[in-house]
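Novice: Data file data_33.cif (mmCIF, C-alpha atoms) is appended below.
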data_protein
#
loop_
_atom_site.label_atom_id
_atom_site.label_comp_id
_atom_site.auth_asym_id
_atom_site.auth_seq_id
_atom_site.Cartn_x
_atom_site.Cartn_y
_atom_site.Cartn_z
CA MET A 1 31.82 42.42 43.23
CA ASN A 2 30.07 39.66 45.11
CA ILE A 3 31.89 36.38 45.31
CA VAL A 4 29.61 33.43 45.89
CA ARG A 5 31.25 30.44 47.49
CA MET A 6 29.75 27.05 46.77
CA ASP A 7 29.93 24.10 49.04
CA HIS A 8 31.56 20.95 47.67
CA LYS A 9 28.26 19.28 46.63
CA SER A 10 27.01 22.37 44.82
CA GLU A 11 30.29 22.83 42.98
CA LYS A 12 30.33 19.18 41.98
CA ALA A 13 26.74 19.39 40.70
CA TYR A 14 27.56 22.57 38.79
CA ARG A 15 30.60 20.98 37.13
CA HIS A 16 28.54 17.92 36.25
CA ALA A 17 25.85 20.11 34.66
CA ILE A 18 28.49 21.94 32.60
CA TRP A 19 29.97 18.62 31.47
CA VAL A 20 26.54 17.31 30.45
CA ARG A 21 25.80 20.53 28.55
CA ARG A 22 29.15 20.30 26.73
CA PHE A 23 28.55 16.67 25.85
CA VAL A 24 24.96 17.18 24.61
CA THR A 25 25.66 20.32 22.60
CA GLY A 26 28.91 18.86 21.23
CA PHE A 27 27.02 15.74 20.20
CA LEU A 28 24.39 17.90 18.43
CA VAL A 29 27.14 19.78 16.57
CA LEU A 30 28.83 16.57 15.42
CA CYS A 31 25.54 14.94 14.41
CA TRP A 32 24.51 18.00 12.42
CA MET A 33 27.91 18.12 10.71
CA PHE A 34 27.37 14.48 9.80
CA VAL A 35 23.93 15.30 8.34
CA ILE A 36 25.42 18.11 6.23
CA GLY A 37 28.28 15.86 5.12
CA SER A 38 25.83 13.09 4.20
CA PHE A 39 23.83 15.44 1.97
CA SER A 40 27.06 16.65 0.37
CA ALA A 41 28.22 13.08 -0.27
CA GLN A 42 25.13 12.34 -2.37
CA PRO A 43 25.92 12.08 -6.09
CA GLY A 44 24.55 14.91 -8.22
CA ALA A 45 21.64 12.85 -9.62
CA GLU A 46 20.49 11.73 -6.15
CA SER A 47 20.75 15.25 -4.75
CA GLY A 48 18.87 16.63 -7.75
CA SER A 49 16.05 14.11 -7.37
CA LEU A 50 15.69 15.06 -3.70
CA SER A 51 15.24 18.76 -4.48
CA ARG A 52 12.97 17.86 -7.42
CA GLY A 53 10.78 15.83 -5.04
CA VAL A 54 10.50 18.79 -2.66
CA ALA A 55 9.65 21.09 -5.59
CA LYS A 56 6.98 18.62 -6.81
CA LYS A 57 5.41 18.61 -3.37
CA ALA A 58 5.48 22.42 -3.23
CA VAL A 59 3.76 22.70 -6.63
CA SER A 60 1.15 20.16 -5.53
CA VAL A 61 0.44 22.18 -2.38
CA GLU A 62 0.26 25.38 -4.45
CA GLU A 63 -2.29 23.76 -6.78
CA LYS A 64 -4.44 22.65 -3.86
CA LEU A 65 -4.30 26.02 -2.09
CA SER A 66 -4.87 28.16 -5.17
CA GLY A 67 -7.40 25.87 -6.85
CA LYS A 68 -5.38 25.99 -10.09
CA THR A 69 -4.60 22.95 -12.15
CA TYR A 70 -1.42 23.08 -14.20
CA THR A 71 -0.81 21.18 -17.40
CA ASP A 72 2.06 18.66 -17.27
CA LYS A 73 4.30 21.09 -19.15
CA GLU A 74 3.43 24.02 -16.82
CA ARG A 75 3.98 21.81 -13.79
CA ASP A 76 7.40 20.69 -15.08
CA VAL A 77 8.43 24.29 -15.77
CA LYS A 78 7.33 25.33 -12.27
CA ILE A 79 9.12 22.39 -10.66
CA GLU A 80 12.29 23.16 -12.62
CA SER A 81 12.19 26.84 -11.64
CA MET A 82 11.74 26.01 -7.95
CA GLN A 83 14.65 23.59 -7.62
CA PHE A 84 17.43 26.20 -7.44
CA PRO A 85 15.81 28.33 -4.69
CA ILE A 86 14.89 25.19 -2.75
CA ARG A 87 18.50 23.94 -2.85
CA LYS A 88 19.91 27.27 -1.72
CA LEU A 89 17.31 27.66 1.03
CA ALA A 90 18.23 24.16 2.23
CA HIS A 91 21.92 25.18 2.29
CA MET A 92 21.13 28.29 4.34
CA THR A 93 18.93 26.36 6.76
CA GLU A 94 21.53 23.63 7.30
CA TYR A 95 24.18 26.17 8.22
CA ALA A 96 21.84 28.33 10.31
CA VAL A 97 21.14 25.29 12.49
CA LEU A 98 24.85 24.39 12.62
CA ALA A 99 25.79 27.90 13.75
CA MET A 100 23.09 27.82 16.46
CA PHE A 101 24.33 24.46 17.77
CA LEU A 102 27.91 25.76 17.71
CA ALA A 103 26.96 28.91 19.63
CA LEU A 104 25.16 26.86 22.27
CA HIS A 105 28.15 24.55 22.57
CA LEU A 106 30.65 27.41 22.84
CA GLY A 107 28.52 28.90 25.63
CA SER A 108 29.48 26.01 27.88
CA TYR A 109 33.10 27.20 27.97
CA ALA A 110 34.30 30.06 30.17
CA PHE A 111 35.19 32.41 27.30
CA GLY A 112 31.81 31.89 25.64
CA SER A 113 29.54 32.01 28.63
CA LYS A 114 30.26 35.66 29.44
CA ASN A 115 30.85 37.15 26.01
CA LEU A 116 27.88 36.55 23.71
CA ARG A 117 29.36 38.50 20.79
CA LEU A 118 32.55 36.44 20.85
CA ARG A 119 30.57 33.21 21.04
CA LEU A 120 28.37 34.18 18.09
CA LEU A 121 31.35 35.36 16.03
CA LEU A 122 33.23 32.12 16.68
CA ALA A 123 30.14 30.05 15.84
CA TRP A 124 29.77 31.91 12.55
CA LEU A 125 33.47 31.55 11.69
CA ILE A 126 33.50 27.81 12.45
CA ALA A 127 30.34 27.27 10.38
CA ALA A 128 31.83 29.27 7.49
CA ALA A 129 35.04 27.21 7.71
CA TYR A 130 32.99 24.00 7.66
CA ALA A 131 31.10 25.31 4.62
CA THR A 132 34.43 25.79 2.87
CA THR A 133 35.58 22.25 3.65
CA ASP A 134 32.16 20.93 2.61
CA GLU A 135 32.44 22.59 -0.81
CA ILE A 136 35.97 21.20 -1.23
CA HIS A 137 34.56 17.77 -0.35
CA GLN A 138 31.95 18.15 -3.11
CA LEU A 139 34.72 18.51 -5.70
CA PHE A 140 35.35 14.78 -5.22
CA VAL A 141 31.70 13.65 -5.42
CA ASP A 142 30.26 12.37 -8.71
CA GLY A 143 28.10 14.97 -10.44
CA ARG A 144 28.79 17.65 -7.82
CA SER A 145 31.01 20.69 -7.82
CA GLY A 146 32.36 23.00 -5.15
CA SER A 147 31.30 26.59 -5.43
CA PHE A 148 32.45 29.80 -3.76
CA VAL A 149 28.89 31.10 -4.18
CA ASP A 150 27.64 28.15 -2.10
CA VAL A 151 30.22 28.94 0.60
CA CYS A 152 28.82 32.49 0.68
CA ILE A 153 25.22 31.20 0.81
CA ASP A 154 26.11 28.75 3.59
CA SER A 155 27.92 31.50 5.50
CA ALA A 156 24.93 33.80 5.09
CA GLY A 157 22.73 31.05 6.52
CA ALA A 158 25.12 30.69 9.47
CA PHE A 159 24.99 34.46 9.99
CA LEU A 160 21.18 34.36 10.03
CA GLY A 161 21.35 31.54 12.58
CA VAL A 162 23.57 33.51 14.97
CA LEU A 163 21.46 36.61 14.37
CA CYS A 164 18.34 34.70 15.40
CA LEU A 165 20.13 33.49 18.53
CA ALA A 166 21.31 37.01 19.33
CA ILE A 167 17.74 38.29 19.06
CA PHE A 168 16.50 35.41 21.21
CA PHE A 169 19.14 35.95 23.90
CA ARG A 170 18.46 39.68 23.98
CA GLY A 171 14.74 39.07 24.44
CA TYR A 172 15.42 36.44 27.09
CA ARG A 173 17.72 38.78 29.04
CA GLN A 174 15.13 41.57 28.92
CA HIS A 175 12.50 39.13 30.16
CA VAL A 176 14.72 38.05 33.08
CA ARG A 177 15.41 41.69 33.99
CA ARG A 178 11.69 42.48 34.01
CA ILE A 179 11.01 39.51 36.30
CA LYS A 180 13.81 40.61 38.67
CA ASN A 181 12.41 44.16 38.72
CA ILE A 182 8.93 42.88 39.50
CA LYS A 183 10.29 40.78 42.39
CA LYS A 184 12.13 43.84 43.77
CA ILE A 185 8.91 45.85 43.74
CA ASP A 186 6.96 43.13 45.57
#
Give the structure from this file in structure tokens form.
Specialist:
Amino acid sequence: MNIVRMDHKSEKAYRHAIWVRRFVTGFLVLCWMFVIGSFSAQPGAESGSLSRGVAKKAVSVEEKLSGKTYTDKERDVKIESMQFPIRKLAHMTEYAVLAMFLALHLGSYAFGSKNLRLRLLLAWLIAAAYATTDEIHQLFVDGRSGSFVDVCIDSAGAFLGVLCLAIFFRGYRQHVRRIKNIKKID
């Protein structure tokens, strides 16, 4: 085992860089939790109109790309049928991003920097716990309800987020190893 000793300036710069990383990633986590909480605090009618607006836009794009023109009734049926999947996909995406931010933040601590699996597991667990508290919060919002199914969907989104990070980190490590092997050959 090689022990690398740093001089005082290098150690100070390293500690500063770690502190900055913790601050930035922690700030991202808190901001994203605020975004999720803000969406959850919207009354049911406001939240429904947001997903309806996204569905309207999607149907409009579909009409332009396919060259079809729907009647008003067909368009309304399509918009109505798209709202549920759009809402659930939004839930999954919110929590995938949260889990990624959490994993990056946890990587700035000693236990998380060396053990990727532990970091990803903790990020997923924290995101799932936040999903639970978010659904409890929705019980107190007008026109909204908390749902165990939504906790599962949010947790699945968080799992997909950490899975994407795991795939990215694996690819990055392989890339670094290839570069090191090329340098050894030269």
Novice: Name every residue that the PyMOL selection byres ((chain A and resi 79) around 7) selects in this structure, writing the answer as a ChimeraX atom specification with chains first and numbers rising.
Specialist: /A:52,55-56,59,75-78,80-83
Novice: So which residues get picked by the PyMOL selection byres ((chain A and resi 169-176) around 12) here, written as a VMD selection string?
Specialist: chain A and resid 100 103 to 104 107 115 to 117 120 162 to 168 177 to 183
Novice: Is it possible to get the residues within 10 Å of (22.3, 32.4, 2.2) (coordinates as in the file, counting only C-alpha atoms) written as a list of chain:residue names?
Specialist: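 Residues close enough to count: A:Lys88, A:Leu89, A:Ala90, A:His91, A:Met92, A:Thr93, A:Tyr95, A:Ala96, A:Val149, A:Asp150, A:Val151, A:Cys152, A:Ile153, A:Asp154, A:Ser155, A:Ala156, A:Gly157, A:Ala158, A:Phe159, A:Leu160.
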Novice: Work out how far atom CA of A:Phe34 is from atom CA of A:Ile18, in Å to one decimal.
Specialist: 24.0 Å
Novice: Go ahead and compute the interatomic distance for atom CA of A:Arg87 and atom CA of A:Asp134, in Å to one decimal.
Specialist: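 Interatomic distance here is 15.0 Å.
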Novice: Quick one: distance from atom CA of A:Pro43 to atom CA of A:Trp124 in Å, one decimal?
Specialist: 27.5 Å
Novice: When distances are computed from only C-alpha atoms, which of A:His137, A:Lys57, A:Lys184, A:Lys12 shows the smallest separation from A:Gly37?
Specialist: A:His137
Novice: Counting all atoms listed in the file, select every polymer residue within 12 Å of (28.7, 25.4, 29.9) as defined in the file's coordinates, and provide the selection as a list in words.
Specialist: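 Using all atoms listed in the file, the matching residues come out as Tyr14, Arg15, His16, Ala17, Ile18, Trp19, Val20, Arg21, Arg22, Phe23, Val24, Thr25, Gly26, Ala103, Leu104, His105, Leu106, Gly107, Ser108, Tyr109, Ala110, Phe111, Gly112, Ser113, Lys114 and Arg119 of chain A.
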Novice: Quick one: of A:Ala131, A:Leu50, A:Ala123, A:Ala45, who's nearest to A:Ser147, counting all atoms listed in the file?
Specialist: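 Checking each of A:Ala131, A:Leu50, A:Ala123, A:Ala45 against A:Ser147, counting all atoms listed in the file, the winner is A:Ala131.
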Novice: Nearest to A:Met33: which of A:Glu62, A:Glu94, A:Glu11, A:Asp72 is it, counting all atoms listed in the file?
Specialist: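 The answer is A:Glu94, which sits nearest to A:Met33.
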Novice: Centre and edge lengths of an axis-aligned box around all listed atoms of stretch 92-105 of chain A, with 8 Å added on each side, are to be given in Å to one decimal, as lines of an AutoDock Vina configuration file.
Specialist:
center_x = 23.5
center_y = 26.3
center_z = 13.5
size_x = 25.2
size_y = 21.3
size_z = 34.2
